[in-house]
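**Student:** The structure follows.
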Amino acid sequence: MELKAYVGICQHVQSLHTGWQLLAAEKALLIKLRKSTGYTFINCKKALEKFENDITQAETWLHEEARKEGWSKANKLEGRKAKEGLIGLFVGDKAAVMVEVNCETDFVARNEKFQQLVKDVAFASLAHHRNKTQGQTGYVKSLLAGEELTKLSVGEGASLADQVAHTIGRLGENMSMKRAVTVGVPAGWHIGSYVHGGVTGQTDMAMGRYGALVVFQGGKEDAHEALGHKLGQHIVGEAPVSLGNMDDLPCGESETRLLPQAFLPDPSRTVAQFLRGQDARVLDFVRFQCGETASEGAE
């Protein structure tokens, strides 16, 4: 073989090898961008080509395009009924939050992207409550309606309104943040909770179709969580609309005051009688049912 031909073949092989290296590197970037953003391979490839494989600029551009697309889709879907969704509930150290976020179908409610939105709304509400009530003592309760929630931000990032639009763009259903309640309690007070129709696989926040928060004092040591769970379970099941008094007499199955109601786990006693046996008293409660109208809800 002539030297000139041999050199040509070597250069061709080297060129192919370099080309494959570049393709492998580009593929690795594409996979990394797809994994970090969740966007389609086509859009990720378009972004990398646009910014000559600068992954930081590509990711920023993808998020901005998704935000624009989300708002466009959100405007088109506005007005469609969104009565499905989830109640999200988180109990922390002497503070708790419960939110309702709605979508159109139960199918989307089971989607992890929608569930992440529920978490964002809950933790943004809790952060807002803590900032607003910093330095306050005693029992503090904050209620936020949907319009107020849109103004909150997720940490230092996007607003909740943008997060909702972004999730609408990705899942293709109308969504809304309906309400949030946050409570903070002083030393010696306790927060009980219960969620019914729970979502499996969630570890850092309880989610379901119904939720209850109950604020109480007293109870046996090392049994506060169990007591709060039983009270929350009763509130979800029996749907009281007011607290009542410990000495109130029950008025049958139509009773809507919590304390004179027959206690769900033991109907032979009223809630007040159960609490006396536990040396405890309920101070406040909130019950959310996903999709209920304002007239059906109780604070």
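Numbering starts fresh at 1 for the residues of each chain in the structure tokens, the chains themselves are lettered A, B, ... in the order given, and ligands are numbered from 1 as they appear.
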Residues of stretch 154-203 of chain A in strand (DSSP E or B) according to DSSP, as a list in words?

**Tutor:**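 Secondary structure check on stretch 154-203 of chain A, strand (DSSP E or B): Ser159, Ser176, Met177, Lys178, Arg179, Ala180, Val181, Thr182, Val183, Gly184, Trp189, His190, Ile191, Gly192, Ser193, Tyr194, Val195 and His196 of chain A.
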
**Student:** Apply DSSP to the structure's backbone, then extract all residues of stretch 57-180 of chain A labelled alpha helix (DSSP H) and return them as a ChimeraX atom specification.

**Tutor:** /A:57-77,106-109,112-132,146-149,160-171

**Student:** Please provide the set of residues having any atom within 7 Å of A:Tyr139, restricted to only C-alpha atoms, with same-chain residues fewer than 6 positions apart removed, written as a ChimeraX atom specification.

**Tutor:** /A:184-186

**Student:** Residues near stretch 230-244 of chain A, anyone? I mean within 6 Å using only C-alpha atoms, not counting same-chain ones fewer than 5 positions away, as JSON, numbers by chain.

**Tutor:** {"A": [193, 194, 212, 256, 257, 258, 259, 264, 298]}

**Student:** Kindly export the residues of the current selection with C-alpha atoms, as a PDB file, in the first residue's frame.

**Tutor:**
ATOM      1  CA  SER A 193     -54.134  15.382  61.762  1.00  0.00           C
ATOM      2  CA  TYR A 194     -55.813  12.832  59.532  1.00  0.00           C
ATOM      3  CA  ALA A 212     -58.439  17.513  59.053  1.00  0.00           C
ATOM      4  CA  THR A 256     -73.154  19.504  63.630  1.00  0.00           C
ATOM      5  CA  ARG A 257     -71.252  20.634  66.750  1.00  0.00           C
ATOM      6  CA  LEU A 258     -68.121  18.595  67.345  1.00  0.00           C
ATOM      7  CA  LEU A 259     -68.196  18.081  71.117  1.00  0.00           C
ATOM      8  CA  LEU A 264     -66.864   7.868  65.647  1.00  0.00           C
ATOM      9  CA  ALA A 298     -66.240  24.583  57.574  1.00  0.00           C
TER      10      ALA A 298
END

**Student:** As JSON, numbers by chain, please: the residues near A:Leu149 (cut-off 12 Å, only C-alpha atoms, same-chain neighbours under 6 positions excluded).

**Tutor:** {"A": [99, 100, 101, 118, 120, 121, 122, 123, 124, 125, 126, 127, 128, 129, 142, 143, 159, 160, 161, 162, 163, 164, 176, 177, 178, 179, 180, 181]}

**Student:** Please provide the set of residues having any atom within 12 Å of A:Gly291, restricted to only C-alpha atoms, with same-chain residues fewer than 2 positions apart removed, written as a list in words.

**Tutor:** Lys81, Ala82, Lys83, Glu84, Gly85, Leu86, Ile87, Glu100, Val101, Asn102, Cys103, Glu104, Thr105, Asp106, Ser176, Met177, Lys178, Arg179, Gly208, Arg209, Tyr210, Phe288, Gln289, Thr293, Ala294, Ser295, Glu296 and Gly297 of chain A

**Student:** Let me make sure I understand: among A:Ala28, A:Leu117, A:Leu227, A:Val91, which one has the smallest atom-to-atom distance to A:Val271 if we use only C-alpha atoms?

**Tutor:** A:Leu227

**Student:** What's the 10 Å shell around A:Leu275, counting only C-alpha atoms, without same-chain residues fewer than 5 positions away, as a ChimeraX atom specification?

**Tutor:** /A:216,218-219,227,231,246,259,263,269-270,280-282
